[in-house]
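One file, protein.cif, carrying mmCIF, C-alpha atoms:
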```cif
data_upload
#
loop_
_atom_site.label_atom_id
_atom_site.label_comp_id
_atom_site.auth_asym_id
_atom_site.auth_seq_id
_atom_site.Cartn_x
_atom_site.Cartn_y
_atom_site.Cartn_z
CA MET A 14 0.00 0.00 0.00
CA TRP A 15 2.90 2.42 0.66
CA LYS A 16 4.56 1.99 -2.73
CA PRO A 17 1.85 3.85 -4.70
CA ILE A 18 1.83 6.61 -2.09
CA ALA A 19 5.62 7.02 -2.37
CA LEU A 20 5.39 7.04 -6.18
CA LEU A 21 2.60 9.63 -6.04
CA LEU A 22 4.74 11.83 -3.80
CA ILE A 23 7.67 11.65 -6.23
CA SER A 24 5.45 12.27 -9.26
CA ASN A 25 3.88 15.29 -7.60
CA PHE A 26 7.26 16.84 -6.85
CA PHE A 27 8.07 16.65 -10.55
CA MET A 28 4.67 17.89 -11.68
CA THR A 29 4.55 20.79 -9.26
CA TYR A 30 7.97 21.90 -10.41
CA ALA A 31 6.99 21.43 -14.07
CA TRP A 32 3.90 23.57 -13.59
CA TYR A 33 5.34 26.30 -11.39
CA GLY A 34 9.15 26.13 -11.33
CA HIS A 35 9.48 28.05 -14.58
CA LEU A 36 7.84 31.05 -12.89
CA LYS A 37 11.01 31.45 -10.87
CA ASP A 38 13.78 29.66 -12.78
CA LEU A 39 12.86 30.54 -16.37
CA LYS A 40 11.16 33.87 -15.74
CA THR A 41 13.06 35.65 -18.52
CA ALA A 42 13.39 32.67 -20.88
CA PRO A 43 11.30 32.49 -24.05
CA ILE A 44 7.95 30.81 -23.49
CA ALA A 45 8.83 28.03 -25.95
CA LEU A 46 11.84 27.11 -23.81
CA ALA A 47 9.73 27.17 -20.64
CA ILE A 48 7.20 24.86 -22.30
CA ALA A 49 9.89 22.46 -23.52
CA VAL A 50 11.56 22.28 -20.12
CA SER A 51 8.19 21.83 -18.39
CA TRP A 52 7.27 19.00 -20.79
CA ALA A 53 10.57 17.26 -20.11
CA ILE A 54 9.98 17.47 -16.36
CA ALA A 55 6.36 16.36 -16.79
CA PHE A 56 7.60 13.27 -18.62
CA LEU A 57 9.47 12.31 -15.45
CA GLU A 58 6.26 12.87 -13.51
CA TYR A 59 4.44 10.38 -15.74
CA CYS A 60 7.21 7.83 -15.20
CA PHE A 61 6.12 7.75 -11.54
CA GLN A 62 2.41 8.58 -11.87
CA VAL A 63 1.49 5.73 -14.22
CA PRO A 64 3.09 3.00 -12.07
CA ALA A 65 1.60 4.61 -8.95
CA ASN A 66 -1.88 4.36 -10.43
CA ARG A 67 -1.36 0.82 -11.70
CA ILE A 68 -0.04 -0.41 -8.36
CA GLY A 69 -2.49 1.71 -6.38
CA ALA A 70 -5.46 0.26 -8.27
CA GLY A 71 -4.65 -3.01 -6.53
CA TYR A 72 -5.10 -1.40 -3.10
CA PHE A 73 -7.59 1.42 -3.60
CA SER A 74 -10.80 2.02 -5.50
CA LEU A 75 -10.55 4.54 -8.33
CA PRO A 76 -12.23 7.33 -6.31
CA GLN A 77 -9.94 6.62 -3.36
CA LEU A 78 -6.90 6.74 -5.63
CA LYS A 79 -8.02 10.10 -7.05
CA VAL A 80 -8.66 11.68 -3.64
CA LEU A 81 -5.32 10.35 -2.40
CA GLN A 82 -3.63 11.93 -5.45
CA GLU A 83 -5.31 15.29 -4.77
CA ILE A 84 -4.32 15.27 -1.10
CA ILE A 85 -0.72 14.50 -2.00
CA ALA A 86 -0.77 17.16 -4.72
CA MET A 87 -1.98 19.81 -2.27
CA LEU A 88 0.56 18.81 0.38
CA VAL A 89 3.40 18.93 -2.15
CA PHE A 90 2.16 22.24 -3.53
CA ALA A 91 1.86 23.76 -0.05
CA GLY A 92 5.42 22.74 0.77
CA PHE A 93 6.73 23.85 -2.61
CA SER A 94 5.04 27.24 -2.53
CA THR A 95 6.18 28.01 1.00
CA LEU A 96 9.74 26.69 0.71
CA TYR A 97 10.58 27.53 -2.90
CA PHE A 98 8.53 30.67 -3.49
CA ARG A 99 8.33 31.87 0.13
CA VAL A 100 4.54 32.16 -0.03
CA PRO A 101 3.37 32.59 3.55
CA VAL A 102 1.16 29.92 5.08
CA THR A 103 -2.24 31.37 5.86
CA ARG A 104 -5.26 30.06 7.68
CA ASN A 105 -6.74 29.21 4.28
CA TYR A 106 -4.06 26.50 3.93
CA PHE A 107 -5.38 25.04 7.17
CA PHE A 108 -9.01 25.23 6.01
CA ALA A 109 -8.13 23.67 2.65
CA ALA A 110 -6.32 20.87 4.48
CA MET A 111 -9.39 20.26 6.64
CA LEU A 112 -11.61 20.06 3.55
CA LEU A 113 -9.20 17.56 2.00
CA ALA A 114 -9.19 15.56 5.22
CA GLY A 115 -12.99 15.54 5.04
CA ALA A 116 -12.87 14.33 1.46
CA ALA A 117 -10.43 11.60 2.47
CA TYR A 118 -12.67 10.53 5.34
CA LEU A 119 -15.73 10.37 3.10
CA ILE A 120 -14.08 8.45 0.28
CA PHE A 121 -12.13 6.04 2.49
CA SER A 122 -15.08 5.32 4.81
CA GLU A 123 -16.88 3.65 1.89
CA LYS A 124 -16.46 -0.05 1.48
CA SER A 125 -13.98 -0.59 -1.32
CA PRO A 126 -15.11 -2.97 -4.06
CA ARG A 127 -11.71 -4.71 -3.80
#
```

For this file, write the structure as structure tokens.
Amino acid sequence: MWKPIALLLISNFFMTYAWYGHLKDLKTAPIALAIAVSWAIAFLEYCFQVPANRIGAGYFSLPQLKVLQEIIAMLVFAGFSTLYFRVPVTRNYFFAAMLLAGAAYLIFSEKSPR
């Protein structure tokens, strides 16, 4: 069960950087270069995301896998935005985390068809 979670964490680090890293690191680069670099990084994300979903489908239902992915994505984004971009943590981060925890509770409290 932990292997898909670890793979999702790794894939989300790559994807978050692919989506937002160019805003800091390639700020003055031509947009075509930023797109090419982002695509290259996103390819690495898929190298972890696809196996995570394939393995995770053996442990989780599809809705559970999706909610898990979203929770991991928000956690990675929160860390990335605060550490890399120095975006301050606000109470809205806390409220968003509580809503995600609620979503996780609702989706994981269902009986899985597996």

Using only C-alpha atoms, which residues sit within 8 Å of region 31-36 of chain A once same-chain residues fewer than 2 positions away are excluded, as JSON, numbers by chain?
{"A": [27, 28, 29, 38, 39, 40, 47, 50, 51, 52, 54, 55]}

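When all atoms listed in the file are used to measure the gap to Pro76 (chain A), the shortest distance among A:Phe108, A:Tyr30, A:Phe121, A:Phe56 belongs to A:Phe121.
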
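Going from CA of Ile68 (chain A) to CA of Ile18 (chain A) covers 9.6 Å.
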
Which residues come within 12 Å of region 94-96 of chain A, counting all atoms listed in the file, excluding same-chain residues fewer than 2 positions away, as a short mmCIF file (atom, residue, chain, number, x, y, z; two decimals) with C-alpha atoms, in the frame of the given file?
```cif
data_model
loop_
_atom_site.label_atom_id
_atom_site.label_comp_id
_atom_site.auth_asym_id
_atom_site.auth_seq_id
_atom_site.Cartn_x
_atom_site.Cartn_y
_atom_site.Cartn_z
CA PHE A 26 7.26 16.84 -6.85
CA THR A 29 4.55 20.79 -9.26
CA TYR A 30 7.97 21.90 -10.41
CA TRP A 32 3.90 23.57 -13.59
CA TYR A 33 5.34 26.30 -11.39
CA GLY A 34 9.15 26.13 -11.33
CA LEU A 36 7.84 31.05 -12.89
CA LYS A 37 11.01 31.45 -10.87
CA ALA A 86 -0.77 17.16 -4.72
CA MET A 87 -1.98 19.81 -2.27
CA LEU A 88 0.56 18.81 0.38
CA VAL A 89 3.40 18.93 -2.15
CA PHE A 90 2.16 22.24 -3.53
CA ALA A 91 1.86 23.76 -0.05
CA GLY A 92 5.42 22.74 0.77
CA PHE A 98 8.53 30.67 -3.49
CA ARG A 99 8.33 31.87 0.13
CA VAL A 100 4.54 32.16 -0.03
CA PRO A 101 3.37 32.59 3.55
CA VAL A 102 1.16 29.92 5.08
CA THR A 103 -2.24 31.37 5.86
CA TYR A 106 -4.06 26.50 3.93
#
```

Given the point (4.8, -1.1, -6.8) in the file's coordinates, find the residues that have an atom at most 9 Å from it, counting all atoms listed in the file, and give them as a ChimeraX atom specification.
/A:14-17,20,64-65,67-69

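Here CA of Ala19 (chain A) stands at a distance of 21.1 Å from CA of Tyr97 (chain A).
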
All residues 8 Å or closer to Leu78 (chain A), all atoms listed in the file, same chain fewer than 5 positions away omitted, as a VMD selection string:
chain A and resid 66 69 to 70 73

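Going from CA of Gln77 (chain A) to CA of Ile120 (chain A) covers 5.8 Å.
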
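If you measure from each of A:Ile84, A:Ile23, A:Met111, A:Ala116 to Val63 (chain A) using all atoms listed in the file, the closest one turns out to be A:Ile23.
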
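Comparing the minimum interatomic distances between Glu58 (chain A) and each of A:Asn25, A:Ala109, A:Leu119, A:Ala114, counting all atoms listed in the file, we find that A:Asn25 sits nearest.
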
Is it possible to get the axis-aligned box enclosing region 93-112 of chain A (all listed atoms, 5 Å extra per side) as AutoDock Vina command-line options, with centre and edge lengths in Å rounded to one decimal?
```
--center_x -0.5 --center_y 26.3 --center_z 2.1 --size_x 32.2 --size_y 22.5 --size_z 21.2
```
